[in-house]
file final-v2.cif (mmCIF, C-alpha atoms)
data_my_file
#
loop_
_atom_site.group_PDB
_atom_site.id
_atom_site.type_symbol
_atom_site.label_atom_id
_atom_site.label_comp_id
_atom_site.auth_asym_id
_atom_site.auth_seq_id
_atom_site.Cartn_x
_atom_site.Cartn_y
_atom_site.Cartn_z
ATOM 1 C CA MET H 1 22.387 -62.061 44.364
ATOM 2 C CA LEU H 2 24.967 -63.995 46.369
ATOM 3 C CA PRO H 3 26.047 -62.905 49.845
ATOM 4 C CA GLN H 4 29.120 -60.714 50.037
ATOM 5 C CA GLY H 5 32.405 -62.432 49.255
ATOM 6 C CA PHE H 6 31.048 -65.840 48.315
ATOM 7 C CA ALA H 7 32.509 -67.530 45.254
ATOM 8 C CA THR H 8 31.951 -71.036 43.936
ATOM 9 C CA GLU H 9 35.368 -72.211 42.766
ATOM 10 C CA GLU H 10 37.905 -74.487 44.516
ATOM 11 C CA ILE H 11 35.273 -76.488 46.371
ATOM 12 C CA ASP H 12 37.411 -79.647 46.567
ATOM 13 C CA ASP H 13 40.641 -78.120 47.909
ATOM 14 C CA PRO H 14 40.841 -79.050 51.616
ATOM 15 C CA VAL H 15 43.306 -76.206 52.229
ATOM 16 C CA THR H 16 40.669 -73.649 51.306
ATOM 17 C CA ASN H 17 37.674 -75.326 52.958
ATOM 18 C CA VAL H 18 36.615 -74.926 56.573
ATOM 19 C CA ASP H 19 36.544 -78.280 58.357
ATOM 20 C CA PHE H 20 33.233 -78.129 60.215
ATOM 21 C CA THR H 21 33.211 -81.376 62.192
ATOM 22 C CA ARG H 22 30.119 -81.227 64.383
ATOM 23 C CA LEU H 23 26.938 -79.192 64.713
ATOM 24 C CA GLN H 24 27.113 -77.877 68.271
ATOM 25 C CA HIS H 25 23.896 -75.923 68.664
ATOM 26 C CA ILE H 26 21.252 -73.915 66.836
ATOM 27 C CA ASN H 27 20.942 -70.292 67.944
ATOM 28 C CA ALA H 28 17.833 -68.175 68.439
ATOM 29 C CA ILE H 29 16.998 -64.680 69.646
ATOM 30 C CA VAL H 30 13.963 -64.650 71.917
ATOM 31 C CA ASN H 31 11.925 -62.083 73.784
ATOM 32 C CA GLY H 32 11.732 -62.989 77.475
ATOM 33 C CA TYR H 33 14.433 -65.151 79.005
ATOM 34 C CA ASP H 34 12.522 -66.873 81.809
ATOM 35 C CA ASP H 35 9.369 -67.239 79.737
ATOM 36 C CA SER H 36 11.299 -68.912 76.916
ATOM 37 C CA ILE H 37 12.944 -71.428 79.224
ATOM 38 C CA ASP H 38 9.609 -72.150 80.920
ATOM 39 C CA HIS H 39 7.969 -72.741 77.545
ATOM 40 C CA PHE H 40 10.521 -75.296 76.348
ATOM 41 C CA ARG H 41 10.602 -77.028 79.712
ATOM 42 C CA ARG H 42 6.817 -77.262 79.888
ATOM 43 C CA LEU H 43 6.182 -78.344 76.306
ATOM 44 C CA PHE H 44 9.174 -80.616 75.698
ATOM 45 C CA GLY H 45 10.801 -81.382 79.025
ATOM 46 C CA ALA H 46 13.858 -79.431 77.855
ATOM 47 C CA GLN H 47 16.935 -79.482 80.045
ATOM 48 C CA LEU H 48 18.699 -76.285 81.077
ATOM 49 C CA ASN H 49 22.412 -76.938 80.562
ATOM 50 C CA LEU H 50 24.159 -73.575 80.916
ATOM 51 C CA GLU H 51 23.372 -69.943 81.747
ATOM 52 C CA ILE H 52 25.369 -66.800 80.922
ATOM 53 C CA HIS H 53 24.141 -63.467 82.254
ATOM 54 C CA ARG H 54 25.593 -60.255 80.858
ATOM 55 C CA VAL H 55 24.745 -56.577 81.243
ATOM 56 C CA ASN H 56 22.676 -56.442 78.070
ATOM 57 C CA VAL H 57 21.653 -60.056 77.390
ATOM 58 C CA ASP H 58 20.783 -63.342 79.075
ATOM 59 C CA ILE H 59 21.953 -66.491 77.276
ATOM 60 C CA CYS H 60 21.361 -70.167 77.927
ATOM 61 C CA LEU H 61 21.952 -73.556 76.391
ATOM 62 C CA ILE H 62 19.029 -75.952 76.540
ATOM 63 C CA ASN H 63 18.659 -79.342 74.940
ATOM 64 C CA ILE H 64 15.650 -81.172 73.585
ATOM 65 C CA GLY H 65 16.383 -84.749 72.576
ATOM 66 C CA ARG H 66 20.108 -83.964 72.841
ATOM 67 C CA VAL H 67 19.706 -81.232 70.210
ATOM 68 C CA ILE H 68 21.173 -78.125 71.828
ATOM 69 C CA PHE H 69 19.723 -74.663 71.350
ATOM 70 C CA GLU H 70 21.295 -71.391 72.417
ATOM 71 C CA LEU H 71 18.661 -68.834 73.421
ATOM 72 C CA SER H 72 19.685 -65.170 73.631
ATOM 73 C CA ALA H 73 17.233 -62.735 75.246
ATOM 74 C CA PRO H 74 18.079 -59.012 75.256
ATOM 75 C CA LYS H 75 17.462 -57.402 78.627
ATOM 76 C CA PRO H 76 14.662 -54.795 78.750
ATOM 77 C CA GLY H 77 15.890 -51.291 78.111
ATOM 78 C CA HIS H 78 19.100 -52.334 76.350
ATOM 79 C CA ASP H 79 19.328 -51.408 72.683
ATOM 80 C CA GLY H 80 21.501 -53.424 70.335
ATOM 81 C CA ARG H 81 21.448 -55.662 67.281
ATOM 82 C CA ARG H 82 19.442 -58.397 69.066
ATOM 83 C CA THR H 83 16.775 -55.931 70.204
ATOM 84 C CA ARG H 84 16.517 -54.391 66.744
ATOM 85 C CA SER H 85 16.273 -57.856 65.204
ATOM 86 C CA LEU H 86 13.445 -58.784 67.583
ATOM 87 C CA GLU H 87 11.602 -55.592 66.720
ATOM 88 C CA MET H 88 11.793 -56.459 63.020
ATOM 89 C CA PHE H 89 11.099 -60.199 63.087
ATOM 90 C CA GLY H 90 9.962 -61.331 66.530
ATOM 91 C CA ASP H 91 11.523 -64.441 68.073
ATOM 92 C CA HIS H 92 13.588 -66.235 65.427
ATOM 93 C CA TYR H 93 16.541 -68.440 64.576
ATOM 94 C CA SER H 94 19.757 -66.466 64.205
ATOM 95 C CA GLY H 95 22.495 -68.953 63.355
ATOM 96 C CA VAL H 96 24.327 -72.196 64.086
ATOM 97 C CA GLU H 97 27.495 -73.151 65.933
ATOM 98 C CA TYR H 98 29.931 -75.668 64.473
ATOM 99 C CA GLN H 99 32.999 -77.254 65.992
ATOM 100 C CA VAL H 100 36.321 -76.969 64.166
ATOM 101 C CA ARG H 101 39.731 -78.481 64.895
ATOM 102 C CA ASP H 102 41.645 -75.223 64.368
ATOM 103 C CA LEU H 103 39.921 -71.949 65.247
ATOM 104 C CA ALA H 104 42.583 -69.639 63.798
ATOM 105 C CA ALA H 105 42.700 -71.540 60.507
ATOM 106 C CA ALA H 106 38.901 -71.490 60.210
ATOM 107 C CA LYS H 107 38.832 -67.737 60.795
ATOM 108 C CA GLU H 108 41.507 -67.129 58.180
ATOM 109 C CA ILE H 109 39.678 -69.210 55.577
ATOM 110 C CA LEU H 110 36.301 -67.600 56.237
ATOM 111 C CA GLN H 111 37.762 -64.103 56.053
ATOM 112 C CA SER H 112 39.589 -64.974 52.844
ATOM 113 C CA LYS H 113 36.215 -65.897 51.363
ATOM 114 C CA GLY H 114 34.713 -62.524 52.301
ATOM 115 C CA LEU H 115 32.803 -63.448 55.476
ATOM 116 C CA ARG H 116 33.030 -60.662 58.022
ATOM 117 C CA ILE H 117 33.613 -61.373 61.708
ATOM 118 C CA LEU H 118 30.872 -59.926 63.905
ATOM 119 C CA VAL H 119 32.099 -61.232 67.282
ATOM 120 C CA ASP H 120 35.755 -62.177 67.778
ATOM 121 C CA GLY H 121 36.405 -64.057 71.026
ATOM 122 C CA THR H 122 39.306 -66.084 72.352
ATOM 123 C CA THR H 123 37.474 -69.410 72.176
ATOM 124 C CA HIS H 124 34.981 -68.706 69.395
ATOM 125 C CA PHE H 125 33.956 -66.213 66.743
ATOM 126 C CA VAL H 126 30.726 -65.339 64.935
ATOM 127 C CA THR H 127 30.317 -64.268 61.313
ATOM 128 C CA ASN H 128 27.956 -61.651 59.943
ATOM 129 C CA PRO H 129 24.688 -63.397 58.983
ATOM 130 C CA ALA H 130 24.355 -61.140 55.935
ATOM 131 C CA ASP H 131 27.288 -63.029 54.404
ATOM 132 C CA SER H 132 25.757 -66.513 54.692
ATOM 133 C CA PHE H 133 22.066 -66.397 53.806
ATOM 134 C CA GLY H 134 20.903 -64.873 57.082
ATOM 135 C CA ALA H 135 22.511 -67.567 59.267
ATOM 136 C CA ALA H 136 25.383 -66.387 61.474
ATOM 137 C CA LEU H 137 28.115 -69.019 61.689
ATOM 138 C CA GLU H 138 29.444 -69.404 65.221
ATOM 139 C CA VAL H 139 32.718 -71.324 65.235
ATOM 140 C CA TYR H 140 34.155 -73.051 68.318
ATOM 141 C CA GLU H 141 36.946 -75.525 69.037
ATOM 142 C CA GLY H 142 35.224 -77.190 71.993
ATOM 143 C CA ASP H 143 32.509 -79.836 72.030
ATOM 144 C CA TRP H 144 29.326 -79.274 74.033
ATOM 145 C CA HIS H 145 28.385 -82.919 73.405
ATOM 146 C CA ALA H 146 31.553 -84.270 75.029
ATOM 147 C CA GLU H 147 31.579 -86.133 78.337
ATOM 148 C CA PRO H 148 32.391 -84.066 80.307
ATOM 149 C CA PRO H 149 31.432 -80.856 78.445
ATOM 150 C CA PRO H 150 33.811 -77.851 78.323
ATOM 151 C CA VAL H 151 31.905 -76.274 81.237
ATOM 152 C CA PRO H 152 29.933 -78.355 83.779
ATOM 153 C CA PHE H 153 26.245 -78.439 82.882
ATOM 154 C CA ILE H 154 23.539 -77.397 85.319
ATOM 155 C CA GLU H 155 21.558 -80.440 84.218
ATOM 156 C CA PRO H 156 23.647 -83.163 82.548
ATOM 157 C CA MET H 157 22.121 -84.294 79.277
ATOM 158 C CA GLN H 158 19.837 -87.282 79.443
ATOM 159 C CA SER H 159 20.914 -90.329 77.452
ATOM 160 C CA ARG H 160 19.818 -91.001 73.897
ATOM 161 C CA GLU H 161 17.858 -93.967 75.237
ATOM 162 C CA TYR H 162 15.895 -91.713 77.574
ATOM 163 C CA TRP H 163 14.777 -89.433 74.756
ATOM 164 C CA SER H 164 14.051 -92.241 72.305
ATOM 165 C CA ASP H 165 12.480 -94.872 74.577
ATOM 166 C CA ILE H 166 11.224 -93.159 77.746
ATOM 167 C CA HIS H 167 10.222 -89.645 76.731
ATOM 168 C CA PRO H 168 6.800 -89.854 75.046
ATOM 169 C CA LEU H 169 7.927 -87.846 71.988
ATOM 170 C CA GLY H 170 10.394 -90.586 71.034
ATOM 171 C CA LEU H 171 13.071 -88.177 69.829
ATOM 172 C CA LEU H 172 15.988 -89.684 67.899
ATOM 173 C CA GLY H 173 18.069 -86.529 67.409
ATOM 174 C CA ILE H 174 18.285 -83.934 64.670
ATOM 175 C CA LYS H 175 17.449 -84.953 61.114
ATOM 176 C CA ARG H 176 18.264 -81.589 59.534
ATOM 177 C CA TYR H 177 17.895 -77.866 59.859
ATOM 178 C CA SER H 178 16.718 -75.804 56.911
ATOM 179 C CA ILE H 179 17.635 -72.422 55.472
ATOM 180 C CA ALA H 180 15.160 -70.594 53.242
ATOM 181 C CA VAL H 181 17.049 -69.202 50.231
ATOM 182 C CA ARG H 182 16.091 -67.600 46.953
ATOM 183 C CA ASN H 183 18.064 -70.025 44.771
ATOM 184 C CA CYS H 184 19.104 -73.511 45.888
ATOM 185 C CA ASP H 185 21.877 -74.050 43.359
ATOM 186 C CA ASP H 186 23.535 -70.722 44.099
ATOM 187 C CA ALA H 187 23.342 -71.303 47.854
ATOM 188 C CA ALA H 188 24.608 -74.878 47.534
ATOM 189 C CA GLY H 189 27.577 -73.684 45.491
ATOM 190 C CA CYS H 190 28.413 -71.129 48.159
ATOM 191 C CA PHE H 191 28.341 -73.667 50.993
ATOM 192 C CA GLN H 192 30.347 -76.153 48.927
ATOM 193 C CA ASN H 193 32.968 -73.476 48.322
ATOM 194 C CA LEU H 194 33.017 -72.748 52.046
ATOM 195 C CA THR H 195 33.126 -76.287 53.430
ATOM 196 C CA GLY H 196 33.719 -78.728 50.577
ATOM 197 C CA CYS H 197 30.467 -80.438 51.598
ATOM 198 C CA SER H 198 28.683 -82.998 49.477
ATOM 199 C CA VAL H 199 25.116 -83.009 48.155
ATOM 200 C CA ALA H 200 23.082 -85.592 50.089
ATOM 201 C CA TYR H 201 19.842 -85.248 48.133
ATOM 202 C CA ARG H 202 17.621 -83.101 45.962
ATOM 203 C CA ALA H 203 13.877 -83.088 46.567
ATOM 204 C CA ASP H 204 10.759 -81.172 45.598
ATOM 205 C CA ARG H 205 8.683 -79.639 48.385
ATOM 206 C CA PRO H 206 5.307 -79.141 46.633
ATOM 207 C CA GLY H 207 3.454 -78.381 49.868
ATOM 208 C CA VAL H 208 5.274 -75.060 50.130
ATOM 209 C CA ALA H 209 5.859 -74.581 46.378
ATOM 210 C CA ALA H 210 9.586 -75.126 46.725
ATOM 211 C CA THR H 211 12.561 -77.254 45.844
ATOM 212 C CA SER H 212 15.411 -78.291 48.120
ATOM 213 C CA ILE H 213 19.013 -79.482 48.246
ATOM 214 C CA GLY H 214 20.371 -81.322 51.273
ATOM 215 C CA LEU H 215 24.047 -80.777 52.114
ATOM 216 C CA GLN H 216 26.074 -82.936 54.488
ATOM 217 C CA ILE H 217 28.183 -80.576 56.615
ATOM 218 C CA GLY H 218 30.162 -82.382 59.278
ATOM 219 C CA ASP H 219 27.859 -84.705 61.186
ATOM 220 C CA SER H 220 24.641 -82.955 60.182
ATOM 221 C CA CYS H 221 22.436 -82.116 57.235
ATOM 222 C CA VAL H 222 21.379 -78.628 56.211
ATOM 223 C CA GLU H 223 18.507 -78.349 53.765
ATOM 224 C CA LEU H 224 18.485 -75.355 51.445
ATOM 225 C CA ILE H 225 14.903 -74.724 50.406
ATOM 226 C CA ALA H 226 13.883 -72.233 47.713
ATOM 227 C CA PRO H 227 10.532 -71.201 46.230
ATOM 228 C CA VAL H 228 9.728 -72.191 42.655
ATOM 229 C CA ARG H 229 6.546 -70.113 42.397
ATOM 230 C CA ALA H 230 4.177 -68.098 44.576
ATOM 231 C CA GLY H 231 3.374 -69.920 47.792
ATOM 232 C CA PRO H 232 4.152 -70.248 51.494
ATOM 233 C CA LEU H 233 7.931 -70.258 51.154
ATOM 234 C CA ARG H 234 8.051 -67.247 48.852
ATOM 235 C CA ASP H 235 5.793 -65.418 51.304
ATOM 236 C CA TYR H 236 8.169 -66.387 54.117
ATOM 237 C CA ILE H 237 11.233 -65.005 52.313
ATOM 238 C CA ASP H 238 9.356 -61.851 51.305
ATOM 239 C CA ARG H 239 8.600 -61.250 54.985
ATOM 240 C CA TYR H 240 11.827 -62.371 56.667
ATOM 241 C CA GLY H 241 14.473 -62.624 53.981
ATOM 242 C CA GLU H 242 16.837 -65.579 53.652
ATOM 243 C CA ARG H 243 17.434 -67.237 57.011
ATOM 244 C CA ILE H 244 17.073 -70.426 59.056
ATOM 245 C CA ARG H 245 13.503 -71.655 58.752
ATOM 246 C CA ALA H 246 13.172 -74.852 60.797
ATOM 247 C CA THR H 247 14.737 -77.585 62.894
ATOM 248 C CA THR H 248 13.579 -81.094 61.991
ATOM 249 C CA PHE H 249 13.740 -83.810 64.649
ATOM 250 C CA ALA H 250 13.859 -87.488 63.777
ATOM 251 C CA VAL H 251 11.195 -89.332 65.760
ATOM 252 C CA ARG H 252 10.215 -92.936 66.420
ATOM 253 C CA ASP H 253 6.539 -92.561 65.491
ATOM 254 C CA LEU H 254 4.712 -89.530 64.065
ATOM 255 C CA ALA H 255 1.401 -90.769 65.445
ATOM 256 C CA GLU H 256 2.868 -90.630 68.957
ATOM 257 C CA VAL H 257 4.055 -87.073 68.302
ATOM 258 C CA ASP H 258 0.557 -86.046 67.205
ATOM 259 C CA ARG H 259 -0.981 -87.567 70.341
ATOM 260 C CA TYR H 260 1.635 -85.900 72.566
ATOM 261 C CA PHE H 261 0.856 -82.397 71.338
ATOM 262 C CA ALA H 262 -2.885 -82.979 71.115
ATOM 263 C CA GLY H 263 -2.809 -83.865 74.807
ATOM 264 C CA ARG H 264 -1.264 -80.460 75.465
ATOM 265 C CA GLY H 265 -3.755 -78.522 73.368
ATOM 266 C CA VAL H 266 -1.319 -77.865 70.521
ATOM 267 C CA ARG H 267 -2.294 -78.629 66.936
ATOM 268 C CA LEU H 268 0.414 -79.656 64.502
ATOM 269 C CA VAL H 269 0.422 -78.431 60.903
ATOM 270 C CA SER H 270 1.938 -79.863 57.743
ATOM 271 C CA GLY H 271 5.708 -79.682 57.505
ATOM 272 C CA ASP H 272 7.681 -78.498 54.504
ATOM 273 C CA ALA H 273 8.273 -82.101 53.389
ATOM 274 C CA ALA H 274 5.403 -84.511 52.724
ATOM 275 C CA ASP H 275 6.465 -86.869 55.519
ATOM 276 C CA THR H 276 6.711 -84.267 58.291
ATOM 277 C CA SER H 277 4.489 -82.591 60.850
ATOM 278 C CA ALA H 278 5.324 -79.147 62.198
ATOM 279 C CA LEU H 279 4.874 -77.084 65.313
ATOM 280 C CA ALA H 280 3.999 -73.612 64.064
ATOM 281 C CA PRO H 281 6.314 -70.773 65.159
ATOM 282 C CA GLU H 282 3.483 -68.915 66.881
ATOM 283 C CA ASP H 283 3.055 -71.910 69.197
ATOM 284 C CA ASN H 284 6.784 -72.276 69.917
ATOM 285 C CA HIS H 285 8.384 -68.920 70.726
ATOM 286 C CA GLY H 286 8.871 -68.147 67.061
ATOM 287 C CA LEU H 287 10.799 -71.338 66.284
ATOM 288 C CA ARG H 288 9.454 -73.772 63.720
ATOM 289 C CA PHE H 289 10.044 -77.371 64.803
ATOM 290 C CA GLU H 290 9.316 -80.214 62.398
ATOM 291 C CA PHE H 291 9.120 -83.946 63.073
ATOM 292 C CA SER H 292 9.861 -86.799 60.701
ATOM 293 C CA GLU H 293 10.201 -90.568 60.949
#

call {"tool": "encode", "arguments": {"input": "final-v2.cif", "output": "structure tokens"}}
result
Amino acid sequence: MLPQGFATEEIDDPVTNVDFTRLQHINAIVNGYDDSIDHFRRLFGAQLNLEIHRVNVDICLINIGRVIFELSAPKPGHDGRRTRSLEMFGDHYSGVEYQVRDLAAAKEILQSKGLRILVDGTTHFVTNPADSFGAALEVYEGDWHAEPPPVPFIEPMQSREYWSDIHPLGLLGIKRYSIAVRNCDDAAGCFQNLTGCSVAYRADRPGVAATSIGLQIGDSCVELIAPVRAGPLRDYIDRYGERIRATTFAVRDLAEVDRYFAGRGVRLVSGDAADTSALAPEDNHGLRFEFSE
């Protein structure tokens, strides 16, 4: 069954497509604000870019290899959708933020396609994840990758050369993020209707008994991955439903990545694709990171 409101016609009409230009950050809900930041600093040398403290939630932007993550940690004793989500699933990815050129136009198009607005701010808005395969779409006119950024960073982002040539992980940026779905073709049609995006590739993922379709949305690739029979991915969807599954980093050398984590007592597992290694969610605050040359 498709998410509410999604249709698959008119995918090539630019008037009816949202112009997502840049992937800004990947969002996650985590249990324990300080502990989460400490974990990503210790294991990856993550940089803390921005902090927002509210009555019921602590939020930060961190970056690893210039890939920005937004971590939201509900404060103890405060009930709400984030707390209930943590109780059901533990720490997990919750959505993605994209930059658009015209916020009002993007909102109008998304609403016309049946996506409900969950948070409606003056500079951004967030859609209901139930309407887009478990991934909330946060939409923003600004650019967190700009120099200077919209708000001064606590720690300015290190250069690409630092992460690729000096940091021992040899990170080259994001290769893709993946969404676990029940049917790749249906999901691809929905995202094409939404954004007018093109298909970058189709690939089998036999290691997790799945197939995949890569879509080019703005400057980034999203991989839709669906089970074809009983196996790890079907088990994942049975447990968590459709939602963001992993972030895949491009790296200089997988052997160097293996040595880096082995030196920190962390064992990598096989990734969803044959040419990837993965950091299991239980070793990474619930977030599956994959690495690929």

call {"tool": "residues_around", "arguments": {"input": "final-v2.cif", "residues": "Pro281 of chain H", "least_positions_apart": "5", "cutoff": "10 Å", "atoms": "only C-alpha atoms", "output": "ChimeraX atom specification"}}
result
/H:91-92,245-246,286-289

call {"tool": "resolve_selection", "arguments": {"input": "final-v2.cif", "expression": "the PyMOL selection byres ((chain H and resi 37-48) around 9)", "output": "ChimeraX atom specification"}}
result
/H:32-36,49-51,60-65,71,153-158,167,169,261,264,284-285

call {"tool": "resolve_selection", "arguments": {"input": "final-v2.cif", "expression": "the PyMOL selection byres ((chain H and resi 178-194) around 6)", "output": "list in words"}}
result
Phe6, Thr8, Ile11, Asn17, Tyr177, Thr195, Gly196, Cys197, Val222, Glu223, Leu224, Ile225, Ala226, Glu242, Arg243, Ile244, Arg245 and Ala246 of chain H

call {"tool": "closest_residue", "arguments": {"input": "final-v2.cif", "among": "H:Tyr98, H:Tyr140, H:Trp163, H:Tyr93", "to": "Val251 of chain H", "atoms": "all atoms listed in the file"}}
result
H:Trp163

call {"tool": "atom_distance", "arguments": {"input": "final-v2.cif", "atom1": "atom CA of Ser94 of chain H", "atom2": "atom CA of Ser277 of chain H"}}
result
22.5 Å
